[in-house]
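Source file: coords05.cif. Holds: mmCIF, C-alpha atoms.
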```
data_coords
loop_
_atom_site.group_PDB
_atom_site.id
_atom_site.type_symbol
_atom_site.label_atom_id
_atom_site.label_comp_id
_atom_site.auth_asym_id
_atom_site.auth_seq_id
_atom_site.Cartn_x
_atom_site.Cartn_y
_atom_site.Cartn_z
ATOM 1 C CA MET Y 20 -14.162 11.665 -39.706
ATOM 2 C CA MET Y 21 -10.793 12.875 -38.578
ATOM 3 C CA HIS Y 22 -8.318 10.276 -37.400
ATOM 4 C CA ASP Y 23 -5.371 12.550 -36.898
ATOM 5 C CA ASN Y 24 -3.415 12.205 -33.697
ATOM 6 C CA LEU Y 25 -5.048 8.950 -32.685
ATOM 7 C CA ASP Y 26 -1.894 6.882 -32.861
ATOM 8 C CA PRO Y 27 -0.501 6.819 -29.337
ATOM 9 C CA GLU Y 28 2.956 6.106 -30.697
ATOM 10 C CA LEU Y 29 2.843 9.438 -32.518
ATOM 11 C CA THR Y 30 1.080 11.464 -29.904
ATOM 12 C CA GLY Y 31 2.771 10.090 -26.847
ATOM 13 C CA GLY Y 32 -0.496 8.581 -25.703
ATOM 14 C CA THR Y 33 -2.880 9.807 -23.093
ATOM 15 C CA GLU Y 34 -1.655 7.735 -20.169
ATOM 16 C CA PRO Y 35 0.992 8.868 -17.729
ATOM 17 C CA ALA Y 36 4.389 7.574 -18.779
ATOM 18 C CA ALA Y 37 4.605 5.435 -15.649
ATOM 19 C CA ASN Y 38 1.574 3.388 -16.758
ATOM 20 C CA ARG Y 39 2.602 2.533 -20.282
ATOM 21 C CA ASP Y 40 4.697 -0.467 -19.346
ATOM 22 C CA GLU Y 41 2.139 -1.988 -17.007
ATOM 23 C CA PRO Y 42 0.345 -5.147 -18.059
ATOM 24 C CA ALA Y 43 -3.149 -4.482 -19.342
ATOM 25 C CA ALA Y 44 -4.602 -6.221 -16.283
ATOM 26 C CA ASP Y 45 -2.960 -3.647 -14.007
ATOM 27 C CA ARG Y 46 -4.332 -0.550 -15.709
ATOM 28 C CA GLU Y 47 -6.980 1.684 -14.224
ATOM 29 C CA VAL Y 48 -10.150 0.421 -15.819
ATOM 30 C CA PRO Y 49 -13.463 0.193 -13.996
ATOM 31 C CA VAL Y 50 -14.638 -3.221 -12.836
ATOM 32 C CA ALA Y 51 -18.145 -4.408 -12.045
ATOM 33 C CA ALA Y 52 -19.029 -3.025 -8.626
ATOM 34 C CA HIS Y 53 -19.425 -5.565 -5.854
ATOM 35 C CA THR Y 54 -18.352 -3.500 -2.866
ATOM 36 C CA PRO Y 55 -21.087 -0.949 -2.103
ATOM 37 C CA THR Y 56 -20.267 2.701 -2.712
ATOM 38 C CA VAL Y 57 -20.929 3.521 0.932
ATOM 39 C CA ILE Y 58 -18.231 1.045 1.986
ATOM 40 C CA HIS Y 59 -15.705 2.610 -0.390
ATOM 41 C CA ALA Y 60 -16.617 6.062 0.894
ATOM 42 C CA TRP Y 61 -16.278 4.956 4.516
ATOM 43 C CA LEU Y 62 -12.926 3.299 3.880
ATOM 44 C CA ASP Y 63 -11.760 6.431 2.060
ATOM 45 C CA GLY Y 64 -12.481 8.545 5.129
ATOM 46 C CA GLU Y 65 -15.600 10.233 3.810
ATOM 47 C CA ARG Y 66 -18.666 10.913 5.942
ATOM 48 C CA VAL Y 67 -21.346 8.314 5.419
ATOM 49 C CA ASP Y 68 -24.808 7.647 6.773
ATOM 50 C CA GLU Y 69 -24.571 5.145 9.616
ATOM 51 C CA SER Y 70 -27.730 3.246 8.757
ATOM 52 C CA ALA Y 71 -26.655 2.902 5.120
ATOM 53 C CA LEU Y 72 -23.247 1.701 6.261
ATOM 54 C CA HIS Y 73 -24.771 -0.939 8.537
ATOM 55 C CA ALA Y 74 -27.060 -2.165 5.813
ATOM 56 C CA ALA Y 75 -24.307 -2.398 3.216
ATOM 57 C CA GLY Y 76 -23.153 -5.838 2.174
ATOM 58 C CA GLY Y 77 -19.623 -6.481 3.298
ATOM 59 C CA TYR Y 78 -19.603 -4.048 6.230
ATOM 60 C CA GLU Y 79 -18.749 -6.704 8.804
ATOM 61 C CA LEU Y 80 -16.102 -8.190 6.527
ATOM 62 C CA TRP Y 81 -14.413 -4.821 6.013
ATOM 63 C CA ARG Y 82 -14.608 -4.013 9.707
ATOM 64 C CA GLN Y 83 -12.620 -7.177 10.350
ATOM 65 C CA VAL Y 84 -10.200 -6.472 7.514
ATOM 66 C CA GLN Y 85 -9.625 -2.996 8.954
ATOM 67 C CA ALA Y 86 -8.854 -4.510 12.356
ATOM 68 C CA GLU Y 87 -6.316 -6.798 10.723
ATOM 69 C CA THR Y 88 -4.680 -4.055 8.630
ATOM 70 C CA ASP Y 89 -4.510 -1.905 11.752
ATOM 71 C CA ARG Y 90 -2.629 -4.699 13.500
ATOM 72 C CA ARG Y 91 -0.223 -4.857 10.564
ATOM 73 C CA ARG Y 92 0.237 -1.080 10.682
ATOM 74 C CA ARG Y 93 1.777 -1.470 14.139
ATOM 75 C CA MET Y 94 4.363 -3.941 12.866
ATOM 76 C CA ARG Y 95 7.939 -2.920 13.654
ATOM 77 C CA THR Y 96 11.156 -3.774 11.868
ATOM 78 C CA PRO Y 97 12.879 -6.665 13.651
ATOM 79 C CA THR Y 98 15.773 -5.197 15.638
ATOM 80 C CA PRO Y 99 18.565 -7.223 13.984
ATOM 81 C CA ILE Y 100 17.781 -5.809 10.538
ATOM 82 C CA ALA Y 101 19.026 -2.282 11.250
ATOM 83 C CA GLY Y 102 22.224 -3.733 12.722
ATOM 84 C CA ALA Y 103 22.695 -5.978 9.696
ATOM 85 C CA ILE Y 104 22.300 -2.999 7.356
ATOM 86 C CA MET Y 105 24.921 -0.932 9.178
ATOM 87 C CA GLU Y 106 27.252 -3.929 9.432
ATOM 88 C CA ALA Y 107 27.021 -4.500 5.682
ATOM 89 C CA ILE Y 108 27.743 -0.822 5.028
ATOM 90 C CA ARG Y 109 30.835 -0.904 7.277
ATOM 91 C CA LYS Y 110 32.102 -4.008 5.494
ATOM 92 C CA ASP Y 111 31.553 -2.393 2.098
ATOM 93 C CA ALA Y 112 33.532 0.699 2.990
ATOM 94 C CA MET A 20 -22.297 7.166 19.722
ATOM 95 C CA ASN A 21 -24.267 4.286 18.315
ATOM 96 C CA PRO A 22 -22.538 1.243 19.813
ATOM 97 C CA GLY A 23 -23.236 -0.739 16.665
ATOM 98 C CA VAL A 24 -21.004 1.438 14.514
ATOM 99 C CA LYS A 25 -17.457 0.366 15.067
ATOM 100 C CA ARG A 26 -14.819 2.545 13.500
ATOM 101 C CA PRO A 27 -11.905 0.933 11.687
ATOM 102 C CA ALA A 28 -9.234 0.467 14.291
ATOM 103 C CA GLY A 29 -6.446 3.023 14.293
ATOM 104 C CA LEU A 30 -8.540 5.666 12.691
ATOM 105 C CA ALA A 31 -10.359 8.456 14.398
ATOM 106 C CA THR A 32 -14.072 8.641 13.748
ATOM 107 C CA ALA A 33 -15.758 11.961 13.117
ATOM 108 C CA ARG A 34 -19.507 12.078 13.507
ATOM 109 C CA VAL A 35 -21.912 14.839 12.632
ATOM 110 C CA ARG A 36 -25.665 14.369 12.975
ATOM 111 C CA GLY A 37 -25.886 10.671 12.224
ATOM 112 C CA TYR A 38 -23.046 10.633 9.744
ATOM 113 C CA THR A 39 -19.788 8.875 10.335
ATOM 114 C CA SER A 40 -16.456 8.783 8.575
ATOM 115 C CA VAL A 41 -13.014 7.454 9.168
ATOM 116 C CA VAL A 42 -10.331 10.105 9.386
ATOM 117 C CA LYS A 43 -6.796 9.307 8.449
ATOM 118 C CA SER A 44 -4.538 9.458 11.457
ATOM 119 C CA ILE A 45 -1.213 9.488 9.646
ATOM 120 C CA PRO A 46 0.091 12.745 8.174
ATOM 121 C CA PRO A 47 0.566 12.643 4.378
ATOM 122 C CA SER A 48 4.193 13.694 4.260
ATOM 123 C CA PRO A 49 6.931 14.869 6.577
ATOM 124 C CA PRO A 50 7.051 18.587 7.379
ATOM 125 C CA GLU A 51 9.724 20.790 5.854
ATOM 126 C CA SER A 52 11.745 20.691 9.048
ATOM 127 C CA GLU A 53 11.941 16.897 8.836
ATOM 128 C CA VAL A 54 13.069 17.076 5.218
ATOM 129 C CA ASP A 55 15.763 19.546 6.239
ATOM 130 C CA ALA A 56 16.778 17.316 9.135
ATOM 131 C CA ASP A 57 17.134 14.369 6.763
ATOM 132 C CA GLN A 58 19.257 16.472 4.439
ATOM 133 C CA ALA A 59 21.506 17.472 7.330
ATOM 134 C CA ILE A 60 22.084 13.793 8.109
ATOM 135 C CA ILE A 61 22.739 13.037 4.443
ATOM 136 C CA ASP A 62 25.328 15.820 4.418
ATOM 137 C CA ARG A 63 27.014 14.274 7.474
ATOM 138 C CA VAL A 64 27.143 10.846 5.837
ATOM 139 C CA LEU A 65 28.511 12.266 2.605
ATOM 140 C CA ALA A 66 31.148 14.111 4.646
ATOM 141 C CA GLY A 67 32.340 10.775 6.045
ATOM 142 C CA ASP A 68 30.170 10.162 9.115
ATOM 143 C CA ARG A 69 29.070 6.721 7.979
ATOM 144 C CA ASP A 70 27.301 5.831 11.212
ATOM 145 C CA ALA A 71 24.928 8.772 10.826
ATOM 146 C CA PHE A 72 23.195 6.727 8.128
ATOM 147 C CA GLY A 73 21.845 4.591 10.966
ATOM 148 C CA ILE A 74 19.631 7.513 11.986
ATOM 149 C CA LEU A 75 17.900 7.384 8.615
ATOM 150 C CA VAL A 76 17.609 3.600 8.818
ATOM 151 C CA ASN A 77 15.965 3.807 12.231
ATOM 152 C CA ARG A 78 13.732 6.696 11.193
ATOM 153 C CA TYR A 79 12.265 5.097 8.076
ATOM 154 C CA SER A 80 12.679 1.336 8.335
ATOM 155 C CA ASP A 81 9.280 0.629 9.945
ATOM 156 C CA PRO A 82 6.995 1.943 7.179
ATOM 157 C CA LEU A 83 9.302 0.506 4.539
ATOM 158 C CA TYR A 84 9.358 -2.869 6.265
ATOM 159 C CA ARG A 85 5.556 -2.849 6.452
ATOM 160 C CA HIS A 86 5.414 -2.082 2.743
ATOM 161 C CA ALA A 87 7.777 -4.946 1.920
ATOM 162 C CA VAL A 88 5.901 -7.419 4.142
ATOM 163 C CA GLY A 89 2.612 -6.312 2.614
ATOM 164 C CA MET A 90 3.919 -6.765 -0.907
ATOM 165 C CA THR A 91 5.765 -10.061 -0.415
ATOM 166 C CA GLY A 92 3.758 -11.648 2.386
ATOM 167 C CA SER A 93 7.064 -12.865 3.794
ATOM 168 C CA ALA A 94 8.955 -11.383 6.731
ATOM 169 C CA ASP A 95 12.229 -12.952 5.582
ATOM 170 C CA ASP A 96 11.966 -11.679 2.024
ATOM 171 C CA ALA A 97 10.882 -8.272 3.315
ATOM 172 C CA ALA A 98 13.973 -8.140 5.519
ATOM 173 C CA ASP A 99 16.211 -8.986 2.536
ATOM 174 C CA ILE A 100 14.565 -6.338 0.363
ATOM 175 C CA LEU A 101 14.867 -3.740 3.117
ATOM 176 C CA GLN A 102 18.523 -4.508 3.727
ATOM 177 C CA ASN A 103 19.447 -4.445 0.035
ATOM 178 C CA SER A 104 17.468 -1.230 -0.473
ATOM 179 C CA PHE A 105 19.157 0.661 2.356
ATOM 180 C CA ILE A 106 22.595 -0.494 1.194
ATOM 181 C CA LYS A 107 21.746 0.702 -2.307
ATOM 182 C CA ALA A 108 20.484 3.985 -0.868
ATOM 183 C CA TYR A 109 23.729 4.430 1.050
ATOM 184 C CA HIS A 110 25.808 4.013 -2.085
ATOM 185 C CA HIS A 111 23.670 6.476 -4.057
ATOM 186 C CA LEU A 112 23.025 8.962 -1.266
ATOM 187 C CA GLY A 113 24.525 11.821 -3.239
ATOM 188 C CA GLU A 114 21.694 11.486 -5.744
ATOM 189 C CA VAL A 115 18.924 12.389 -3.274
ATOM 190 C CA ARG A 116 16.895 15.396 -4.378
ATOM 191 C CA GLY A 117 13.994 16.444 -2.159
ATOM 192 C CA ARG A 118 12.409 14.001 0.262
ATOM 193 C CA PHE A 119 14.710 11.196 1.362
ATOM 194 C CA ASP A 120 11.759 9.095 2.541
ATOM 195 C CA ALA A 121 10.132 9.276 -0.897
ATOM 196 C CA TRP A 122 13.409 8.446 -2.617
ATOM 197 C CA VAL A 123 14.177 5.427 -0.455
ATOM 198 C CA PHE A 124 10.521 4.319 -0.685
ATOM 199 C CA ARG A 125 10.895 4.042 -4.465
ATOM 200 C CA ILE A 126 13.997 1.896 -4.042
ATOM 201 C CA VAL A 127 12.106 -0.465 -1.725
ATOM 202 C CA ALA A 128 8.995 -0.447 -3.949
ATOM 203 C CA ASN A 129 11.104 -1.364 -6.976
ATOM 204 C CA GLY A 130 12.779 -4.107 -4.958
ATOM 205 C CA CYS A 131 9.357 -5.510 -4.133
ATOM 206 C CA LYS A 132 8.269 -5.365 -7.775
ATOM 207 C CA ASP A 133 11.418 -7.191 -8.867
ATOM 208 C CA TRP A 134 10.729 -9.838 -6.223
ATOM 209 C CA LEU A 135 7.157 -10.204 -7.470
ATOM 210 C CA LYS A 136 8.291 -10.554 -11.080
ATOM 211 C CA ASN A 137 10.401 -13.516 -10.072
ATOM 212 C CA ILE A 138 7.784 -15.117 -7.855
ATOM 213 C CA ARG A 139 5.023 -14.672 -10.434
ATOM 214 C CA ARG A 140 6.824 -16.940 -12.846
ATOM 215 C CA THR A 141 5.687 -19.862 -10.738
ATOM 216 C CA HIS A 142 2.396 -18.534 -9.362
ATOM 217 C CA LEU A 143 -0.834 -17.760 -11.181
ATOM 218 C CA SER A 144 -2.356 -14.357 -10.634
ATOM 219 C CA TYR A 145 -5.935 -13.371 -9.873
ATOM 220 C CA GLU A 146 -6.515 -12.297 -13.474
ATOM 221 C CA GLU A 147 -5.068 -15.448 -14.901
ATOM 222 C CA ASP A 148 -6.810 -18.192 -13.007
ATOM 223 C CA ASP A 149 -8.613 -17.122 -9.886
ATOM 224 C CA GLN A 150 -11.763 -15.416 -11.050
ATOM 225 C CA PRO A 151 -14.434 -16.111 -8.461
ATOM 226 C CA SER A 152 -17.837 -17.222 -9.685
ATOM 227 C CA GLY A 153 -20.604 -16.599 -7.142
ATOM 228 C CA TYR A 154 -20.678 -13.908 -4.484
ATOM 229 C CA GLU A 155 -23.683 -14.847 -2.419
ATOM 230 C CA THR A 156 -21.871 -14.625 0.892
ATOM 231 C CA PRO A 157 -23.268 -13.237 4.154
ATOM 232 C CA ASP A 158 -21.221 -11.062 6.529
ATOM 233 C CA GLU A 159 -20.398 -13.978 8.699
ATOM 234 C CA GLU A 160 -17.857 -13.790 11.463
ATOM 235 C CA LEU A 161 -14.527 -15.105 10.379
ATOM 236 C CA ASP A 162 -12.059 -16.493 12.777
ATOM 237 C CA ARG A 163 -9.306 -13.912 13.181
ATOM 238 C CA GLY A 164 -6.512 -16.310 12.288
ATOM 239 C CA GLU A 165 -8.511 -17.587 9.392
ATOM 240 C CA LEU A 166 -9.124 -14.057 8.122
ATOM 241 C CA ARG A 167 -5.414 -13.346 8.371
ATOM 242 C CA GLY A 168 -4.601 -16.336 6.186
ATOM 243 C CA HIS A 169 -7.399 -15.557 3.754
ATOM 244 C CA LEU A 170 -6.279 -11.933 3.487
ATOM 245 C CA ASP A 171 -2.681 -12.955 2.788
ATOM 246 C CA ARG A 172 -3.773 -15.326 0.045
ATOM 247 C CA ALA A 173 -6.199 -12.816 -1.430
ATOM 248 C CA LEU A 174 -3.552 -10.075 -1.454
ATOM 249 C CA ALA A 175 -1.099 -12.450 -3.106
ATOM 250 C CA ALA A 176 -3.628 -13.061 -5.853
ATOM 251 C CA LEU A 177 -3.914 -9.375 -6.763
ATOM 252 C CA PRO A 178 -1.873 -7.796 -9.563
ATOM 253 C CA PRO A 179 1.145 -5.951 -8.114
ATOM 254 C CA SER A 180 -0.183 -2.449 -8.792
ATOM 255 C CA LEU A 181 -3.459 -3.186 -6.970
ATOM 256 C CA ARG A 182 -1.704 -4.897 -4.086
ATOM 257 C CA GLU A 183 0.694 -1.966 -3.795
ATOM 258 C CA ALA A 184 -2.153 0.558 -3.702
ATOM 259 C CA PHE A 185 -4.136 -1.433 -1.125
ATOM 260 C CA VAL A 186 -1.113 -1.986 1.121
ATOM 261 C CA MET A 187 -0.148 1.699 0.997
ATOM 262 C CA LYS A 188 -3.700 2.827 1.742
ATOM 263 C CA HIS A 189 -4.801 0.310 4.336
ATOM 264 C CA VAL A 190 -1.676 -1.232 5.864
ATOM 265 C CA GLU A 191 0.564 1.835 5.784
ATOM 266 C CA GLY A 192 -2.329 4.252 6.349
ATOM 267 C CA ARG A 193 -1.171 6.759 3.727
ATOM 268 C CA SER A 194 -3.343 9.441 2.193
ATOM 269 C CA TYR A 195 -4.077 9.342 -1.528
ATOM 270 C CA GLU A 196 -2.068 12.556 -1.889
ATOM 271 C CA ASP A 197 1.004 11.017 -0.292
ATOM 272 C CA MET A 198 0.618 7.865 -2.373
ATOM 273 C CA ALA A 199 0.387 9.972 -5.527
ATOM 274 C CA GLU A 200 3.604 11.764 -4.630
ATOM 275 C CA LEU A 201 5.455 8.556 -3.828
ATOM 276 C CA LEU A 202 4.243 6.645 -6.883
ATOM 277 C CA GLU A 203 4.373 9.679 -9.192
ATOM 278 C CA THR A 204 0.844 9.258 -10.465
ATOM 279 C CA THR A 205 -2.546 10.893 -9.907
ATOM 280 C CA VAL A 206 -4.910 10.700 -6.939
ATOM 281 C CA GLY A 207 -7.685 9.603 -9.291
ATOM 282 C CA ALA A 208 -5.653 6.713 -10.669
ATOM 283 C CA LEU A 209 -4.797 5.565 -7.153
ATOM 284 C CA LYS A 210 -8.406 5.758 -5.966
ATOM 285 C CA MET A 211 -9.323 3.564 -8.900
ATOM 286 C CA ARG A 212 -6.605 1.064 -8.008
ATOM 287 C CA VAL A 213 -7.641 0.930 -4.348
ATOM 288 C CA HIS A 214 -11.297 0.505 -5.300
ATOM 289 C CA ARG A 215 -10.438 -2.281 -7.730
ATOM 290 C CA ALA A 216 -8.335 -3.959 -5.079
ATOM 291 C CA ARG A 217 -11.233 -3.812 -2.595
ATOM 292 C CA GLU A 218 -13.654 -5.239 -5.152
ATOM 293 C CA ALA A 219 -11.342 -8.148 -5.875
ATOM 294 C CA LEU A 220 -10.512 -8.740 -2.214
ATOM 295 C CA GLN A 221 -14.142 -8.755 -1.139
ATOM 296 C CA ARG A 222 -14.968 -11.301 -3.799
ATOM 297 C CA LEU A 223 -12.046 -13.504 -2.875
ATOM 298 C CA LEU A 224 -12.603 -13.255 0.878
ATOM 299 C CA GLU A 225 -16.316 -13.960 0.632
ATOM 300 C CA GLU A 226 -15.649 -16.896 -1.624
ATOM 301 C CA ARG A 227 -13.129 -18.348 0.804
ATOM 302 C CA ALA A 228 -15.438 -17.770 3.753
ATOM 303 C CA ALA A 229 -18.396 -19.419 2.029
#
```
Go through the file and emit its structure as structure tokens.
Amino acid sequence: MMHDNLDPELTGGTEPAANRDEPAADREVPVAAHTPTVIHAWLDGERVDESALHAAGGYELWRQVQAETDRRRRMRTPTPIAGAIMEAIRKDA
Amino acid sequence: MNPGVKRPAGLATARVRGYTSVVKSIPPSPPESEVDADQAIIDRVLAGDRDAFGILVNRYSDPLYRHAVGMTGSADDAADILQNSFIKAYHHLGEVRGRFDAWVFRIVANGCKDWLKNIRRTHLSYEEDDQPSGYETPDEELDRGELRGHLDRALAALPPSLREAFVMKHVEGRSYEDMAELLETTVGALKMRVHRAREALQRLLEERAA
């Protein structure tokens, strides 16, 4: 059996450089599925069968989570922050 | 439309013959003209028009603030990160190459990660101590305020890379392509992160609701 080029230190590894310093827990490894595939597909903007979506476990939960994340998406920067940034820049100059 | 199928708020729903999908309503990246407009402002600032930087602050602070709030869970800390990031951006403005919004996003994202490194020294993460055990939870109606609190705590329990991916996808409403450009990684890797984040969040939320 050939073992050439298996040492990631020698080969540069197979992961993108940006991932090498991440803790192992943060890396892209599959986990046991709990959220149904149809829910993932729906949340990713793919077309899904309505009856399958309704029957999927977690649909109501994710509908509520989506309503909450939508609320957060409308959040605006508090007005004083922009003024504070520009004030700090003027002081620095 | 079947009244039982409620689309995720803020997203358009496309339906074809009994199929439904959510369609992203936020464009993936600014058009060329916007990039050029940003560069014109940068040129003005570098030429001495300091106040012109305020245009960039006003143009991009909202999505960056949302990112910082999503990552820290704290409006005050998000405000500090945003302020420090824009000041840093101002002092390094001559180094911008390409999209200003992507460049300043990375400054804010790194500020959030630094904040999380400090905060994690005193908090246990999902991987370390919060593995849920049973998942036999029905889709029961959660009180909205309760869900908000549960979601904050569940997000705080995620590893930073998963939290970042979830916040960018679901709170900021970015496409996977835009996320890949901003985070300098692949669409596939980001899909995996978002899916892992959803798996963990569903477990945590159902456990808390049980």
*asked:* Just checking: using all atoms listed in the file, which residue out of A:Val213, A:Val190, A:Ala199, A:Ala97 ends up closest to Y:Arg93?
replied: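 The shortest atom-to-atom distance to Y:Arg93 comes from A:Val190.
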Once you count only C-alpha atoms, which residues of chain Y turn out to be within 8 Å of chain A? Could you give them as JSON, numbers by chain?
{"Y": [35, 37, 44, 45, 47, 48, 49, 50, 52, 53, 54, 59, 61, 62, 63, 64, 65, 66, 67, 68, 69, 73, 76, 77, 78, 79, 80, 82, 84, 85, 86, 87, 88, 89, 91, 92, 94, 95, 96, 100, 101, 103, 104, 105, 107, 108, 109]}
Based on the selection just made, write C-alpha atoms of those residues as a PDB file, in the frame of the given file.
```pdb
ATOM      1  CA  PRO Y  35       0.992   8.868 -17.729  1.00  0.00           C
ATOM      2  CA  ALA Y  37       4.605   5.435 -15.649  1.00  0.00           C
ATOM      3  CA  ALA Y  44      -4.602  -6.221 -16.283  1.00  0.00           C
ATOM      4  CA  ASP Y  45      -2.960  -3.647 -14.007  1.00  0.00           C
ATOM      5  CA  GLU Y  47      -6.980   1.684 -14.224  1.00  0.00           C
ATOM      6  CA  VAL Y  48     -10.150   0.421 -15.819  1.00  0.00           C
ATOM      7  CA  PRO Y  49     -13.463   0.193 -13.996  1.00  0.00           C
ATOM      8  CA  VAL Y  50     -14.638  -3.221 -12.836  1.00  0.00           C
ATOM      9  CA  ALA Y  52     -19.029  -3.025  -8.626  1.00  0.00           C
ATOM     10  CA  HIS Y  53     -19.425  -5.565  -5.854  1.00  0.00           C
ATOM     11  CA  THR Y  54     -18.352  -3.500  -2.866  1.00  0.00           C
ATOM     12  CA  HIS Y  59     -15.705   2.610  -0.390  1.00  0.00           C
ATOM     13  CA  TRP Y  61     -16.278   4.956   4.516  1.00  0.00           C
ATOM     14  CA  LEU Y  62     -12.926   3.299   3.880  1.00  0.00           C
ATOM     15  CA  ASP Y  63     -11.760   6.431   2.060  1.00  0.00           C
ATOM     16  CA  GLY Y  64     -12.481   8.545   5.129  1.00  0.00           C
ATOM     17  CA  GLU Y  65     -15.600  10.233   3.810  1.00  0.00           C
ATOM     18  CA  ARG Y  66     -18.666  10.913   5.942  1.00  0.00           C
ATOM     19  CA  VAL Y  67     -21.346   8.314   5.419  1.00  0.00           C
ATOM     20  CA  ASP Y  68     -24.808   7.647   6.773  1.00  0.00           C
ATOM     21  CA  GLU Y  69     -24.571   5.145   9.616  1.00  0.00           C
ATOM     22  CA  HIS Y  73     -24.771  -0.939   8.537  1.00  0.00           C
ATOM     23  CA  GLY Y  76     -23.153  -5.838   2.174  1.00  0.00           C
ATOM     24  CA  GLY Y  77     -19.623  -6.481   3.298  1.00  0.00           C
ATOM     25  CA  TYR Y  78     -19.603  -4.048   6.230  1.00  0.00           C
ATOM     26  CA  GLU Y  79     -18.749  -6.704   8.804  1.00  0.00           C
ATOM     27  CA  LEU Y  80     -16.102  -8.190   6.527  1.00  0.00           C
ATOM     28  CA  ARG Y  82     -14.608  -4.013   9.707  1.00  0.00           C
ATOM     29  CA  VAL Y  84     -10.200  -6.472   7.514  1.00  0.00           C
ATOM     30  CA  GLN Y  85      -9.625  -2.996   8.954  1.00  0.00           C
ATOM     31  CA  ALA Y  86      -8.854  -4.510  12.356  1.00  0.00           C
ATOM     32  CA  GLU Y  87      -6.316  -6.798  10.723  1.00  0.00           C
ATOM     33  CA  THR Y  88      -4.680  -4.055   8.630  1.00  0.00           C
ATOM     34  CA  ASP Y  89      -4.510  -1.905  11.752  1.00  0.00           C
ATOM     35  CA  ARG Y  91      -0.223  -4.857  10.564  1.00  0.00           C
ATOM     36  CA  ARG Y  92       0.237  -1.080  10.682  1.00  0.00           C
ATOM     37  CA  MET Y  94       4.363  -3.941  12.866  1.00  0.00           C
ATOM     38  CA  ARG Y  95       7.939  -2.920  13.654  1.00  0.00           C
ATOM     39  CA  THR Y  96      11.156  -3.774  11.868  1.00  0.00           C
ATOM     40  CA  ILE Y 100      17.781  -5.809  10.538  1.00  0.00           C
ATOM     41  CA  ALA Y 101      19.026  -2.282  11.250  1.00  0.00           C
ATOM     42  CA  ALA Y 103      22.695  -5.978   9.696  1.00  0.00           C
ATOM     43  CA  ILE Y 104      22.300  -2.999   7.356  1.00  0.00           C
ATOM     44  CA  MET Y 105      24.921  -0.932   9.178  1.00  0.00           C
ATOM     45  CA  ALA Y 107      27.021  -4.500   5.682  1.00  0.00           C
ATOM     46  CA  ILE Y 108      27.743  -0.822   5.028  1.00  0.00           C
ATOM     47  CA  ARG Y 109      30.835  -0.904   7.277  1.00  0.00           C
TER      48      ARG Y 109
END
```
**Q.** Separation of atom CA of A:Val64 from atom CA of A:Leu112, in Å and rounded to one decimal
**A.**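 Taking atom CA of A:Val64 and atom CA of A:Leu112, their separation equals 8.4 Å.
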**Study point:** Atomic separation - atom CA of A:Glu114 relative to atom CA of A:Asp133, Å
**Key:**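 Here the two named atoms are 21.5 Å from each other.
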*asked:* Between atom CA of A:Asp62 and atom CA of A:Met198, what is the distance in Å, rounded to a tenth?
replied: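 Computed distance, atom CA of A:Asp62 to atom CA of A:Met198, equals 26.8 Å.
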Of the candidates A:Gly117, A:Val123, A:Thr91, A:Gly168, which one gets nearest to A:Arg182 if we count only C-alpha atoms?
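Going through A:Gly117, A:Val123, A:Thr91, A:Gly168 one by one, the smallest distance to A:Arg182 is for A:Thr91.
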Got a sec to resolve the PyMOL selection byres ((chain A and resi 56) around 12) on this structure and send the residues as JSON, numbers by chain?
{"A": [49, 50, 51, 52, 53, 54, 55, 57, 58, 59, 60, 61, 62, 63, 71, 74, 75, 78, 117, 118, 119, 120]}
With C-alpha atoms retained, write the just-selected residues as a PDB file, in the frame of the given file.
```pdb
ATOM      1  CA  PRO A  49       6.931  14.869   6.577  1.00  0.00           C
ATOM      2  CA  PRO A  50       7.051  18.587   7.379  1.00  0.00           C
ATOM      3  CA  GLU A  51       9.724  20.790   5.854  1.00  0.00           C
ATOM      4  CA  SER A  52      11.745  20.691   9.048  1.00  0.00           C
ATOM      5  CA  GLU A  53      11.941  16.897   8.836  1.00  0.00           C
ATOM      6  CA  VAL A  54      13.069  17.076   5.218  1.00  0.00           C
ATOM      7  CA  ASP A  55      15.763  19.546   6.239  1.00  0.00           C
ATOM      8  CA  ASP A  57      17.134  14.369   6.763  1.00  0.00           C
ATOM      9  CA  GLN A  58      19.257  16.472   4.439  1.00  0.00           C
ATOM     10  CA  ALA A  59      21.506  17.472   7.330  1.00  0.00           C
ATOM     11  CA  ILE A  60      22.084  13.793   8.109  1.00  0.00           C
ATOM     12  CA  ILE A  61      22.739  13.037   4.443  1.00  0.00           C
ATOM     13  CA  ASP A  62      25.328  15.820   4.418  1.00  0.00           C
ATOM     14  CA  ARG A  63      27.014  14.274   7.474  1.00  0.00           C
ATOM     15  CA  ALA A  71      24.928   8.772  10.826  1.00  0.00           C
ATOM     16  CA  ILE A  74      19.631   7.513  11.986  1.00  0.00           C
ATOM     17  CA  LEU A  75      17.900   7.384   8.615  1.00  0.00           C
ATOM     18  CA  ARG A  78      13.732   6.696  11.193  1.00  0.00           C
ATOM     19  CA  GLY A 117      13.994  16.444  -2.159  1.00  0.00           C
ATOM     20  CA  ARG A 118      12.409  14.001   0.262  1.00  0.00           C
ATOM     21  CA  PHE A 119      14.710  11.196   1.362  1.00  0.00           C
ATOM     22  CA  ASP A 120      11.759   9.095   2.541  1.00  0.00           C
TER      23      ASP A 120
END
```
